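Coordinates as given in coords11.cif (mmCIF, C-alpha atoms and all ligand atoms):
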data_query
loop_
_atom_site.label_atom_id
_atom_site.label_comp_id
_atom_site.auth_asym_id
_atom_site.auth_seq_id
_atom_site.Cartn_x
_atom_site.Cartn_y
_atom_site.Cartn_z
CA MET M 249 -5.14 -13.48 -17.99
CA THR M 250 -4.52 -9.85 -18.88
CA GLN M 251 -3.19 -9.13 -22.31
CA ILE M 252 -3.07 -6.53 -25.00
CA ASN M 253 -4.69 -8.06 -28.08
CA GLN M 254 -4.33 -5.17 -30.43
CA LEU M 255 -1.95 -2.22 -30.32
CA THR M 256 -2.01 0.90 -32.47
CA ILE M 257 0.57 3.68 -32.20
CA GLN M 258 0.40 6.82 -34.27
CA HIS M 259 2.82 9.73 -34.62
CA PHE M 260 4.86 8.63 -31.63
CA ARG M 261 8.55 9.54 -32.08
CA ASN M 262 9.67 7.78 -35.30
CA CYS M 263 6.56 5.58 -35.44
CA GLN M 264 4.20 7.04 -38.01
CA GLN M 265 1.73 4.17 -37.76
CA VAL M 266 2.36 0.90 -35.94
CA GLN M 267 -0.42 -1.61 -35.78
CA CYS M 268 -0.04 -5.11 -34.41
CA GLU M 269 -1.93 -8.01 -33.01
CA LEU M 270 -0.11 -9.33 -29.99
CA SER M 271 0.31 -12.87 -28.78
CA SER M 272 -0.64 -13.83 -25.23
CA GLY M 273 2.95 -15.00 -24.61
CA LEU M 274 6.15 -13.65 -26.11
CA ASN M 275 6.07 -10.65 -28.43
CA LEU M 276 9.52 -10.06 -29.80
CA ILE M 277 10.42 -6.84 -31.59
CA ILE M 278 13.72 -6.97 -33.44
CA GLY M 279 15.38 -3.85 -34.80
CA ASP M 280 18.72 -2.12 -35.23
CA ASN M 281 19.72 0.90 -33.20
CA ALA M 282 17.31 3.80 -33.74
CA ALA M 283 14.67 1.52 -35.32
CA GLY M 284 12.14 2.62 -32.69
CA LYS M 285 12.20 -0.30 -30.21
CA THR M 286 12.29 1.81 -27.05
CA SER M 287 9.66 4.09 -28.61
CA ILE M 288 7.17 1.21 -28.83
CA ILE M 289 7.77 0.20 -25.20
CA GLU M 290 7.55 3.87 -24.24
CA ALA M 291 4.24 4.29 -26.11
CA ILE M 292 2.63 1.41 -24.17
CA TRP M 293 3.97 2.90 -20.94
CA VAL M 294 2.53 6.31 -21.84
CA LEU M 295 -0.89 4.72 -22.37
CA ALA M 296 -0.70 2.82 -19.06
CA THR M 297 0.66 5.63 -16.89
CA GLY M 298 0.17 8.90 -18.76
CA ARG M 299 3.92 9.55 -18.59
CA SER M 300 7.07 8.61 -20.46
CA PHE M 301 10.03 7.03 -18.68
CA ARG M 302 12.41 9.02 -20.90
CA THR M 303 11.15 12.58 -20.78
CA PRO M 304 8.58 14.68 -18.96
CA LYS M 305 8.05 16.72 -22.16
CA THR M 306 5.29 15.74 -24.61
CA GLN M 307 6.97 17.70 -27.40
CA TYR M 308 9.72 15.07 -27.62
CA LEU M 309 7.19 12.24 -27.92
CA ILE M 310 5.10 13.64 -30.75
CA GLN M 311 6.52 12.79 -34.15
CA HIS M 312 8.26 15.73 -35.82
CA GLN M 313 5.90 17.77 -38.04
CA GLN M 314 2.84 16.27 -36.29
CA THR M 315 0.54 17.86 -33.73
CA ALA M 316 -0.58 14.89 -31.62
CA LEU M 317 0.33 11.33 -30.77
CA THR M 318 -2.13 8.48 -30.22
CA VAL M 319 -1.76 5.11 -28.51
CA PHE M 320 -4.63 2.70 -28.51
CA ALA M 321 -4.90 -0.83 -27.10
CA GLU M 322 -7.55 -3.48 -26.86
CA VAL M 323 -7.07 -5.18 -23.54
CA HIS M 324 -8.55 -8.46 -22.55
CA SER M 325 -8.56 -9.98 -19.10
CA SER M 326 -10.21 -13.13 -17.90
CA HIS M 327 -10.45 -14.00 -14.24
CA THR M 328 -12.23 -17.23 -15.04
CA LYS M 329 -13.54 -18.70 -18.27
CA ILE M 330 -16.93 -17.12 -17.65
CA HIS M 331 -15.86 -13.80 -16.20
CA THR M 332 -13.96 -11.82 -18.80
CA LYS M 333 -13.32 -8.13 -19.30
CA HIS M 334 -12.65 -6.38 -22.54
CA HIS M 335 -11.64 -2.74 -22.78
CA ARG M 336 -10.53 -0.39 -25.49
CA LEU M 337 -8.10 2.12 -24.00
CA GLY M 338 -6.69 5.17 -25.70
CA ILE M 339 -4.58 8.24 -25.11
CA GLN M 340 -4.08 11.19 -27.39
CA LYS M 341 -1.54 13.83 -26.45
CA SER M 342 -0.98 17.15 -28.12
CA LEU M 343 1.17 19.95 -26.72
CA GLN M 344 -1.83 21.57 -25.05
CA HIS M 345 -4.06 18.70 -24.18
CA THR M 346 -4.31 15.04 -23.16
CA GLN M 347 -7.41 13.06 -23.99
CA LEU M 348 -8.08 9.67 -22.43
CA ARG M 349 -10.62 7.16 -23.66
CA ILE M 350 -12.10 4.00 -22.25
CA ASP M 351 -14.47 2.13 -24.56
CA SER M 352 -15.15 5.19 -26.74
CA GLU M 353 -15.99 7.37 -23.73
CA THR M 354 -13.79 10.27 -22.75
CA THR M 355 -12.48 10.01 -19.21
CA SER M 356 -10.26 12.13 -16.98
CA SER M 357 -9.09 9.16 -14.94
CA GLN M 358 -5.61 7.93 -15.82
CA SER M 359 -5.78 5.69 -12.77
CA THR M 360 -8.74 3.75 -14.26
CA ILE M 361 -6.67 3.11 -17.39
CA ALA M 362 -3.77 2.06 -15.18
CA GLN M 363 -6.04 -0.42 -13.41
CA HIS M 364 -7.13 -1.96 -16.70
CA LEU M 365 -3.58 -2.07 -18.00
CA PRO M 366 -1.20 -3.20 -15.24
CA VAL M 367 2.21 -3.08 -16.91
CA GLN M 368 5.69 -3.50 -15.52
CA LEU M 369 8.82 -2.20 -17.11
CA LEU M 370 12.38 -3.47 -17.31
CA THR M 371 14.87 -1.30 -19.19
CA PRO M 372 18.66 -1.09 -19.25
CA GLU M 373 18.25 1.68 -16.65
CA SER M 374 16.21 -0.44 -14.23
CA HIS M 375 19.11 -1.26 -11.92
CA LYS M 376 18.95 2.41 -10.91
CA LEU M 377 16.14 1.30 -8.64
CA LEU M 378 18.87 0.19 -6.25
CA GLU M 379 21.45 2.82 -7.08
CA GLU M 380 19.56 6.06 -6.98
CA GLY M 381 17.57 7.89 -4.31
CA PRO M 382 14.42 6.49 -2.70
CA LYS M 383 11.99 7.88 -5.32
CA ALA M 384 12.19 4.88 -7.66
CA ARG M 385 11.84 2.43 -4.76
CA ARG M 386 8.83 4.34 -3.45
CA GLN M 387 7.29 4.23 -6.94
CA PHE M 388 7.89 0.50 -7.07
CA MET M 389 6.22 -0.05 -3.70
CA ASP M 390 3.35 2.33 -4.47
CA TRP M 391 2.62 0.58 -7.78
CA GLY M 392 1.72 -2.50 -5.74
CA CYS M 393 -0.17 -0.50 -3.09
CA PHE M 394 -2.17 1.28 -5.81
CA HIS M 395 -3.22 -1.93 -7.56
CA GLN M 396 -3.99 -3.86 -4.41
CA SER M 397 -5.60 -1.32 -2.15
CA PRO M 398 -8.39 0.91 -3.51
CA ASP M 399 -7.86 3.26 -0.53
CA PHE M 400 -4.28 4.01 -1.44
CA MET M 401 -4.77 6.53 -4.26
CA PRO M 402 -7.20 8.87 -2.43
CA LEU M 403 -4.98 8.78 0.67
CA TRP M 404 -1.91 9.59 -1.39
CA ARG M 405 -3.69 12.44 -3.18
CA ASN M 406 -4.87 13.96 0.12
CA TYR M 407 -1.41 13.61 1.55
CA GLN M 408 0.19 15.30 -1.47
CA ARG M 409 -2.29 18.18 -1.30
CA GLY M 410 -1.56 18.74 2.40
CA LEU M 411 2.18 18.44 1.86
CA LYS M 412 2.15 21.00 -0.94
CA GLN M 413 0.29 23.54 1.21
CA ARG M 414 2.50 22.89 4.22
CA ASN M 415 5.67 23.24 2.18
CA GLN M 416 4.42 26.50 0.69
CA ALA M 417 3.73 27.84 4.17
CA LEU M 418 7.21 26.80 5.31
CA LYS M 419 8.85 28.27 2.25
CA LYS M 420 7.08 31.59 2.68
CA LYS M 421 8.06 31.55 6.38
CA LEU M 422 4.42 31.97 7.40
CA PRO M 423 3.57 31.95 11.13
CA LYS M 424 3.69 28.64 12.99
CA ALA M 425 -0.10 28.29 13.21
CA GLN M 426 -0.46 28.45 9.42
CA VAL M 427 2.08 25.71 8.93
CA GLN M 428 0.55 23.53 11.63
CA LEU M 429 -2.86 23.86 10.02
CA TRP M 430 -1.76 21.03 7.72
CA ASP M 431 -0.20 18.73 10.31
CA GLN M 432 -3.40 16.82 10.99
CA THR M 433 -3.97 16.08 7.27
CA LEU M 434 -0.41 14.88 6.89
CA VAL M 435 -0.43 12.71 9.99
CA GLU M 436 -3.81 11.08 9.32
CA ASN M 437 -2.99 10.18 5.74
CA ALA M 438 0.66 9.29 6.38
CA LEU M 439 -0.25 6.73 9.04
CA LYS M 440 -2.76 4.99 6.76
CA ILE M 441 -0.34 5.05 3.81
CA ASP M 442 2.28 3.60 6.14
CA GLN M 443 0.00 0.69 7.09
CA ILE M 444 -0.75 -0.15 3.47
CA ARG M 445 2.92 0.00 2.49
CA GLN M 446 4.03 -2.13 5.41
CA SER M 447 1.49 -4.82 4.76
CA TYR M 448 2.28 -4.78 1.02
CA LEU M 449 5.98 -5.34 1.67
CA GLU M 450 5.26 -8.08 4.16
CA ARG M 451 3.22 -9.91 1.56
CA LEU M 452 5.77 -9.26 -1.18
CA THR M 453 8.85 -10.50 0.68
CA PRO M 454 8.25 -14.29 0.45
CA TYR M 455 7.77 -13.96 -3.33
CA LEU M 456 10.94 -11.91 -3.59
CA VAL M 457 12.88 -14.57 -1.67
CA THR M 458 11.57 -17.24 -4.07
CA PHE M 459 12.49 -15.33 -7.24
CA CYS M 460 15.91 -14.34 -5.89
CA GLN M 461 16.58 -18.05 -5.31
CA ALA M 462 15.32 -18.94 -8.80
CA LEU M 463 17.41 -16.31 -10.59
CA MET M 464 20.46 -16.24 -8.31
CA PRO M 465 20.84 -19.68 -6.67
CA GLU M 466 24.45 -18.76 -5.93
CA LEU M 467 23.28 -16.41 -3.17
CA THR M 468 23.04 -18.41 0.01
CA GLU M 469 21.55 -15.69 2.19
CA LYS M 470 17.91 -14.68 1.94
CA VAL M 471 17.10 -11.11 1.02
CA ILE M 472 15.77 -8.91 3.79
CA CYS M 473 13.49 -5.96 2.97
CA GLN M 474 13.73 -3.14 5.46
CA TYR M 475 10.92 -0.68 5.19
CA ARG M 476 11.52 2.93 6.26
CA ALA M 477 8.39 4.91 6.97
CA GLY M 478 9.82 8.38 6.28
CA TRP M 479 10.27 9.38 9.90
CA PRO M 480 12.65 8.15 12.66
CA LYS M 481 12.07 4.56 13.78
CA ASN M 482 11.47 5.36 17.43
CA THR M 483 8.76 7.96 16.69
CA GLU M 484 5.67 7.26 18.79
CA ASP M 485 3.68 10.33 17.90
CA LEU M 486 4.11 11.83 14.43
CA MET M 487 2.10 14.92 15.33
CA GLN M 488 4.44 15.60 18.21
CA LEU M 489 7.44 15.06 15.94
CA TYR M 490 6.16 17.83 13.63
CA GLN M 491 5.71 20.12 16.62
CA LEU M 492 9.14 19.41 18.07
CA ASN M 493 10.79 19.73 14.69
CA PHE M 494 9.08 22.96 13.69
CA ASN M 495 12.05 25.31 14.05
CA LYS M 496 14.25 23.05 11.96
CA GLU M 497 11.66 22.69 9.19
CA HIS M 498 11.02 26.42 9.29
CA ALA M 499 14.72 27.01 8.66
CA LEU M 500 14.85 24.32 5.95
CA GLY M 501 11.72 25.62 4.21
CA HIS M 502 10.21 22.19 3.63
CA THR M 503 8.69 19.21 5.43
CA GLN M 504 11.46 16.91 6.56
CA TYR M 505 9.49 13.87 7.68
CA GLY M 506 6.49 12.04 6.25
CA ALA M 507 5.18 9.45 3.81
CA HIS M 508 6.94 11.29 0.95
CA ARG M 509 10.28 10.23 2.45
CA ALA M 510 9.60 6.49 2.74
CA ASP M 511 12.13 4.01 1.39
CA ILE M 512 12.97 0.31 1.25
CA ARG M 513 16.42 -1.12 1.87
CA PHE M 514 17.29 -4.51 0.47
CA LYS M 515 19.96 -6.42 2.35
CA PHE M 516 21.89 -9.65 1.88
CA SER M 517 23.89 -10.89 4.90
CA GLY M 518 23.43 -7.50 6.53
CA GLN M 519 24.92 -5.66 3.53
CA GLU M 520 22.98 -3.32 1.24
CA ALA M 521 22.25 -5.03 -2.11
CA ILE M 522 23.89 -2.15 -3.95
CA ASN M 523 27.19 -2.74 -2.10
CA THR M 524 27.30 -6.50 -2.31
CA LEU M 525 25.70 -7.59 -5.62
CA SER M 526 27.52 -7.49 -8.97
CA ARG M 527 26.03 -5.29 -11.68
CA GLY M 528 24.50 -8.37 -13.34
CA GLN M 529 23.10 -9.55 -10.02
CA GLN M 530 21.61 -6.09 -9.45
CA LYS M 531 19.77 -6.45 -12.74
CA LEU M 532 18.60 -9.93 -11.76
CA PHE M 533 17.50 -8.58 -8.42
CA VAL M 534 15.33 -5.98 -10.16
CA CYS M 535 13.87 -8.82 -12.31
CA ALA M 536 13.13 -10.71 -9.09
CA LEU M 537 11.42 -7.63 -7.66
CA LEU M 538 9.20 -7.29 -10.74
CA LEU M 539 8.38 -11.01 -10.86
CA ALA M 540 7.55 -10.97 -7.14
CA GLN M 541 5.29 -8.00 -7.68
CA ALA M 542 3.67 -9.66 -10.69
CA SER M 543 3.04 -12.90 -8.77
CA LEU M 544 1.53 -11.12 -5.79
CA HIS M 545 -0.65 -9.07 -8.14
CA GLU M 546 -1.88 -12.28 -9.76
CA LYS M 547 -2.54 -13.90 -6.43
CA ILE M 548 -4.56 -11.01 -5.05
CA LEU M 549 -6.36 -9.71 -8.13
CA ASN M 550 -6.44 -12.97 -10.05
CA GLU M 551 -5.07 -11.09 -13.02
CA PRO M 552 -1.51 -11.23 -14.34
CA VAL M 553 0.42 -8.13 -15.30
CA ILE M 554 1.99 -7.40 -18.69
CA MET M 555 5.78 -7.16 -18.76
CA LEU M 556 7.63 -4.75 -21.03
CA ILE M 557 11.34 -5.49 -21.45
CA ASP M 558 13.43 -3.12 -23.50
CA ASP M 559 16.68 -4.53 -24.87
CA LEU M 560 16.70 -7.84 -23.00
CA PRO M 561 20.21 -8.90 -24.12
CA ALA M 562 21.64 -5.70 -22.63
CA GLU M 563 20.06 -6.72 -19.37
CA LEU M 564 21.08 -10.33 -18.92
CA ASP M 565 23.47 -13.06 -20.07
CA LYS M 566 22.31 -16.12 -22.04
CA THR M 567 21.58 -18.36 -19.04
CA HIS M 568 19.63 -15.72 -17.19
CA ARG M 569 17.72 -14.64 -20.30
CA LEU M 570 16.55 -18.22 -20.63
CA LYS M 571 15.61 -18.41 -16.95
CA LEU M 572 13.62 -15.20 -17.10
CA LEU M 573 11.79 -16.26 -20.27
CA GLU M 574 10.95 -19.62 -18.68
CA LEU M 575 9.55 -17.88 -15.61
CA LEU M 576 7.46 -15.52 -17.74
CA GLN M 577 6.00 -18.53 -19.62
CA VAL M 578 5.26 -20.42 -16.41
CA LEU M 579 3.64 -17.37 -14.83
CA LYS M 580 1.58 -16.85 -18.04
CA ILE M 581 2.64 -13.23 -18.27
CA GLN M 582 2.28 -11.57 -21.66
CA HIS M 583 5.70 -10.13 -22.43
CA ILE M 584 6.77 -7.59 -25.01
CA ILE M 585 10.51 -7.74 -25.52
CA THR M 586 12.85 -5.82 -27.77
CA SER M 587 16.27 -6.86 -29.00
CA THR M 588 18.74 -5.92 -31.71
CA SER M 589 19.20 -9.57 -32.61
CA LYS M 590 16.75 -12.44 -32.88
CA SER M 591 19.39 -15.07 -32.18
CA LEU M 592 19.84 -13.73 -28.65
CA ILE M 593 16.29 -14.62 -27.62
CA PRO M 594 15.37 -18.30 -27.20
CA ILE M 595 11.86 -19.07 -28.43
CA LEU M 596 10.45 -21.46 -25.85
CA ASN M 597 6.94 -21.77 -27.16
CA PRO M 598 6.52 -20.93 -30.86
CA GLU M 599 2.75 -21.39 -30.51
CA ASN M 600 2.33 -18.25 -28.45
CA THR M 601 5.15 -16.17 -29.91
CA HIS M 602 4.85 -13.30 -32.36
CA ILE M 603 8.01 -11.89 -33.91
CA TRP M 604 8.34 -8.56 -35.71
CA ASN M 605 11.03 -6.71 -37.55
CA LEU M 606 11.13 -3.01 -36.90
CA TYR M 607 12.81 -0.70 -39.35
CA SER M 608 12.59 3.11 -39.17
CA GLY M 609 9.40 2.95 -37.12
CA LYS M 610 7.73 0.45 -39.46
CA ILE M 611 6.79 -2.95 -38.14
CA THR M 612 6.44 -6.24 -40.08
CA ARG M 613 5.44 -9.58 -38.62
CA THR M 614 7.86 -12.36 -39.55
CA ASN M 615 6.22 -15.52 -38.19
N1 LIG M 701 9.75 13.23 -31.85
C1 LIG M 701 10.38 12.46 -32.74
N2 LIG M 701 9.99 12.44 -34.05
C2 LIG M 701 10.61 11.66 -34.94
N3 LIG M 701 11.65 10.85 -34.64
C3 LIG M 701 12.08 10.83 -33.36
C4 LIG M 701 11.47 11.63 -32.36
N4 LIG M 701 12.10 11.38 -31.18
C5 LIG M 701 13.06 10.48 -31.43
N5 LIG M 701 13.05 10.14 -32.75
C6 LIG M 701 13.90 9.18 -33.45
O1 LIG M 701 13.32 7.90 -33.27
C7 LIG M 701 14.32 6.92 -33.48
C8 LIG M 701 14.01 5.72 -32.61
O2 LIG M 701 14.51 5.89 -31.32
P1 LIG M 701 14.46 4.69 -30.24
O3 LIG M 701 15.15 5.20 -29.04
O4 LIG M 701 13.08 4.19 -30.10
O5 LIG M 701 15.33 3.58 -30.99
P2 LIG M 701 15.78 2.12 -30.50
O6 LIG M 701 15.34 1.16 -31.55
O7 LIG M 701 15.34 1.89 -29.12
O8 LIG M 701 17.35 2.27 -30.58
P3 LIG M 701 18.53 1.64 -29.64
O9 LIG M 701 18.74 0.23 -30.09
O10 LIG M 701 19.68 2.50 -29.97
O11 LIG M 701 18.11 1.76 -28.23
C9 LIG M 701 15.64 7.62 -33.31
O12 LIG M 701 16.27 7.69 -34.58
C10 LIG M 701 15.27 8.99 -32.83
O13 LIG M 701 16.14 9.99 -33.33
MG MG M 702 16.37 1.65 -27.35
#
Reformat the file's structure so that it appears as structure tokens.
Amino acid sequence: MTQINQLTIQHFRNCQQVQCELSSGLNLIIGDNAAGKTSIIEAIWVLATGRSFRTPKTQYLIQHQQTALTVFAEVHSSHTKIHTKHHRLGIQKSLQHTQLRIDSETTSSQSTIAQHLPVQLLTPESHKLLEEGPKARRQFMDWGCFHQSPDFMPLWRNYQRGLKQRNQALKKKLPKAQVQLWDQTLVENALKIDQIRQSYLERLTPYLVTFCQALMPELTEKVICQYRAGWPKNTEDLMQLYQLNFNKEHALGHTQYGAHRADIRFKFSGQEAINTLSRGQQKLFVCALLLAQASLHEKILNEPVIMLIDDLPAELDKTHRLKLLELLQVLKIQHIITSTSKSLIPILNPENTHIWNLYSGKITRTN
């Protein structure tokens, strides 16, 4: 299993110094408003991804009066009893500089840290995955593609580079030939990205159906995932589409079609999930998406993910909290959960549960 054994956070928002040994099961952090609960979840996310989910600006993350933040984790994963991996991962961010470390060596590769620390995040904002534009859904899908296909990241980087150049040429209204210089790069990479995404969603769908049934048995219809590539369905030749569409894109000043416009639509009985599910069901649906992704990740890489859940009671009612916690135990997923009240979280297995109180960024173990 994959788990964080030891976590150290320094000078991160209101957390001067947080140090804790985590359990392989439930890690429950209890604190009042402004105690620093989201900050702890955010710090782990920053280590795993290099970014915050609350702000793009490092200045807001570094504790006032300090010059740099540090997050450090000892991560352990065992594929089998014999084959185990142990890594010490760290990030230090100042206003000018980010330093990443793997096992005491400096690295420039955030994606290697991400591979060693596969975390998923559920926050009170997570239902926006359904509500907002396609970006969050693309990120969700690409998280899976990144972890399961080593080709994905280089393809995506090449695509982004080509797209940036092409968009600049369009924006500057450069001659047609200079825009089209990038078409081949875009087409080649987009088609491969498209293949990886399609096959990922195909593999994910049966898991999603299972977890939707487990969390929302009241829904009689199965969920349908409709993948959209980022260009019209009937397109046979993407290169030709770029050529035919040139005048329009020239006027728009950016690339209209491509892998950067992909999306997924989730439907129940032919209706978009966002239009047919209640707010609570939307939250459960996002839980089902994450659990499906976690299960598929386990199946393919033989390595479970770590689940971060900020403010669980705000997410779900009592029955569904219990269901989710049961599923996390069964799936042997290490989970780090925050709540304002201990009584709202059922402790299913005291043996692998650690509970902390958090007060003004200071953490104390209570069990
Ligand atoms: N850069 C910073 N330096 C010091 N303190 C900060 C910084 N950024 C935010 N804070 C403070 O950190 C505290 C913790 O915020 P956080 O959002 O983590 O609390 P929380 O426990 O999740 O609260 P809630 O239950 O309201 O969601 C807040 O009081 C906030 O003002
Ligand atoms: Mg919070």
I want to know what sits within 9 Å of Lys590 in chain M, based on all atoms listed in the file, with residues of the same chain fewer than 6 positions away left out; could you give that as an NGL selection string? :M and (276-279 or 603)
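Using only C-alpha atoms and all ligand atoms, the nearest neighbour of ligand LIG 701 (chain M) within the list M:Pro372, M:Pro423, M:Pro366, M:Gly528 is M:Pro372.
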What's the separation between CA of Asn482 in chain M and CA of Gln519 in chain M, in Å to one decimal place? 22.3 Å
Identify which of the residues M:Cys473, M:Cys263, M:Leu378, M:Met464 lies closest to ligand LIG 701 (chain M), counting all atoms listed in the file when measuring atom-to-atom distances. M:Cys263
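Considering all atoms listed in the file, every residue of the polymer chains approaching ligand MG 702 (chain M) to 8 Å or closer is listed here: M:Asn281, M:Ala282, M:Gly284, M:Lys285, M:Thr286, M:Ser287, M:Asp558, M:Asp559.
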Output C-alpha atoms for every residue in the selection just made, as a compact mmCIF listing (two decimals), in the frame of the given file.
# COMPACT_ATOMS: atom_id res chain seq x y z
CA ASN M 281 19.72 0.90 -33.20
CA ALA M 282 17.31 3.80 -33.74
CA GLY M 284 12.14 2.62 -32.69
CA LYS M 285 12.20 -0.30 -30.21
CA THR M 286 12.29 1.81 -27.05
CA SER M 287 9.66 4.09 -28.61
CA ASP M 558 13.43 -3.12 -23.50
CA ASP M 559 16.68 -4.53 -24.87
Anything within 12 Å of (15.0, 1.2, -17.5): list those residues as a PDB file with C-alpha atoms, keeping the file's coordinate frame, counting all atoms listed in the file and sticking to the file's coordinates.
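Full text of out.pdb as output:
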ATOM      1  CA  THR M 286      12.290   1.810 -27.050  1.00  0.00           C
ATOM      2  CA  ILE M 289       7.770   0.200 -25.200  1.00  0.00           C
ATOM      3  CA  GLU M 290       7.550   3.870 -24.240  1.00  0.00           C
ATOM      4  CA  TRP M 293       3.970   2.900 -20.940  1.00  0.00           C
ATOM      5  CA  SER M 300       7.070   8.610 -20.460  1.00  0.00           C
ATOM      6  CA  PHE M 301      10.030   7.030 -18.680  1.00  0.00           C
ATOM      7  CA  ARG M 302      12.410   9.020 -20.900  1.00  0.00           C
ATOM      8  CA  GLN M 368       5.690  -3.500 -15.520  1.00  0.00           C
ATOM      9  CA  LEU M 369       8.820  -2.200 -17.110  1.00  0.00           C
ATOM     10  CA  LEU M 370      12.380  -3.470 -17.310  1.00  0.00           C
ATOM     11  CA  THR M 371      14.870  -1.300 -19.190  1.00  0.00           C
ATOM     12  CA  PRO M 372      18.660  -1.090 -19.250  1.00  0.00           C
ATOM     13  CA  GLU M 373      18.250   1.680 -16.650  1.00  0.00           C
ATOM     14  CA  SER M 374      16.210  -0.440 -14.230  1.00  0.00           C
ATOM     15  CA  HIS M 375      19.110  -1.260 -11.920  1.00  0.00           C
ATOM     16  CA  LYS M 376      18.950   2.410 -10.910  1.00  0.00           C
ATOM     17  CA  LEU M 377      16.140   1.300  -8.640  1.00  0.00           C
ATOM     18  CA  LEU M 378      18.870   0.190  -6.250  1.00  0.00           C
ATOM     19  CA  ALA M 384      12.190   4.880  -7.660  1.00  0.00           C
ATOM     20  CA  LYS M 531      19.770  -6.450 -12.740  1.00  0.00           C
ATOM     21  CA  VAL M 534      15.330  -5.980 -10.160  1.00  0.00           C
ATOM     22  CA  CYS M 535      13.870  -8.820 -12.310  1.00  0.00           C
ATOM     23  CA  LEU M 556       7.630  -4.750 -21.030  1.00  0.00           C
ATOM     24  CA  ILE M 557      11.340  -5.490 -21.450  1.00  0.00           C
ATOM     25  CA  ASP M 558      13.430  -3.120 -23.500  1.00  0.00           C
ATOM     26  CA  ASP M 559      16.680  -4.530 -24.870  1.00  0.00           C
ATOM     27  CA  LEU M 560      16.700  -7.840 -23.000  1.00  0.00           C
ATOM     28  CA  ALA M 562      21.640  -5.700 -22.630  1.00  0.00           C
ATOM     29  CA  GLU M 563      20.060  -6.720 -19.370  1.00  0.00           C
TER      30      GLU M 563
END
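Reported to one decimal place, the separation of CA of Ala438 in chain M from CA of Phe514 in chain M is 22.4 Å.
Of the residues listed (M:His498, M:Arg513, M:Arg613, M:Lys547), M:His498 shows the shortest atom-to-atom separation from Arg414 in chain M; distances use only C-alpha atoms.
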Determine, counting all atoms listed in the file, which protein, DNA and RNA residues have an atom within 8 Å of an atom of His602 in chain M; residues of the same chain fewer than 4 positions away are not included. Present the result as a list in words. Leu270, Ser271, Leu274, Asn275, Leu276, Pro598, Arg613, Thr614 and Asn615 of chain M
For the residues in that selection, give me C-alpha atoms as a CSV table (one decimal), keeping the file's coordinate frame.
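To be explicit, this is the file written out as again.csv:
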chain,number,residue,atom,x,y,z
M,270,LEU,CA,-0.1,-9.3,-30.0
M,271,SER,CA,0.3,-12.9,-28.8
M,274,LEU,CA,6.2,-13.6,-26.1
M,275,ASN,CA,6.1,-10.6,-28.4
M,276,LEU,CA,9.5,-10.1,-29.8
M,598,PRO,CA,6.5,-20.9,-30.9
M,613,ARG,CA,5.4,-9.6,-38.6
M,614,THR,CA,7.9,-12.4,-39.6
M,615,ASN,CA,6.2,-15.5,-38.2
Near-Gln251 in chain M list (10 Å; all atoms listed in the file; drop same-chain fewer than 2 positions) as a short mmCIF file (atom, residue, chain, number, x, y, z; two decimals) with C-alpha atoms, keeping the file's coordinate frame:
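Heads up, here's the output in selection.cif:
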data_model
loop_
_atom_site.label_atom_id
_atom_site.label_comp_id
_atom_site.auth_asym_id
_atom_site.auth_seq_id
_atom_site.Cartn_x
_atom_site.Cartn_y
_atom_site.Cartn_z
CA MET M 249 -5.14 -13.48 -17.99
CA ASN M 253 -4.69 -8.06 -28.08
CA GLN M 254 -4.33 -5.17 -30.43
CA LEU M 270 -0.11 -9.33 -29.99
CA SER M 271 0.31 -12.87 -28.78
CA SER M 272 -0.64 -13.83 -25.23
CA GLY M 273 2.95 -15.00 -24.61
CA ALA M 321 -4.90 -0.83 -27.10
CA GLU M 322 -7.55 -3.48 -26.86
CA VAL M 323 -7.07 -5.18 -23.54
CA HIS M 324 -8.55 -8.46 -22.55
CA SER M 325 -8.56 -9.98 -19.10
CA SER M 326 -10.21 -13.13 -17.90
CA HIS M 334 -12.65 -6.38 -22.54
CA HIS M 364 -7.13 -1.96 -16.70
CA LEU M 365 -3.58 -2.07 -18.00
CA PRO M 366 -1.20 -3.20 -15.24
CA VAL M 367 2.21 -3.08 -16.91
CA GLU M 551 -5.07 -11.09 -13.02
CA PRO M 552 -1.51 -11.23 -14.34
CA VAL M 553 0.42 -8.13 -15.30
CA ILE M 554 1.99 -7.40 -18.69
CA MET M 555 5.78 -7.16 -18.76
CA ILE M 581 2.64 -13.23 -18.27
CA GLN M 582 2.28 -11.57 -21.66
CA HIS M 583 5.70 -10.13 -22.43
#
Axis-aligned box over every listed atom of ligand LIG 701 (chain M), padded by 5 Å per side: centre and edges in Å to one decimal, as AutoDock Vina command-line options?
--center_x 14.7 --center_y 6.7 --center_z -31.6 --size_x 19.9 --size_y 23.0 --size_z 16.7
List the residues sitting within 7 Å of (5.2, 7.3, 3.8) in the file's frame, using all atoms listed in the file, as a PDB file with C-alpha atoms, in the coordinates of the input.
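For reference, result-v6.pdb as written:
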ATOM      1  CA  ALA M 438       0.660   9.290   6.380  1.00  0.00           C
ATOM      2  CA  ILE M 441      -0.340   5.050   3.810  1.00  0.00           C
ATOM      3  CA  ASP M 442       2.280   3.600   6.140  1.00  0.00           C
ATOM      4  CA  ALA M 477       8.390   4.910   6.970  1.00  0.00           C
ATOM      5  CA  GLY M 478       9.820   8.380   6.280  1.00  0.00           C
ATOM      6  CA  GLY M 506       6.490  12.040   6.250  1.00  0.00           C
ATOM      7  CA  ALA M 507       5.180   9.450   3.810  1.00  0.00           C
ATOM      8  CA  HIS M 508       6.940  11.290   0.950  1.00  0.00           C
ATOM      9  CA  ARG M 509      10.280  10.230   2.450  1.00  0.00           C
ATOM     10  CA  ALA M 510       9.600   6.490   2.740  1.00  0.00           C
TER      11      ALA M 510
END
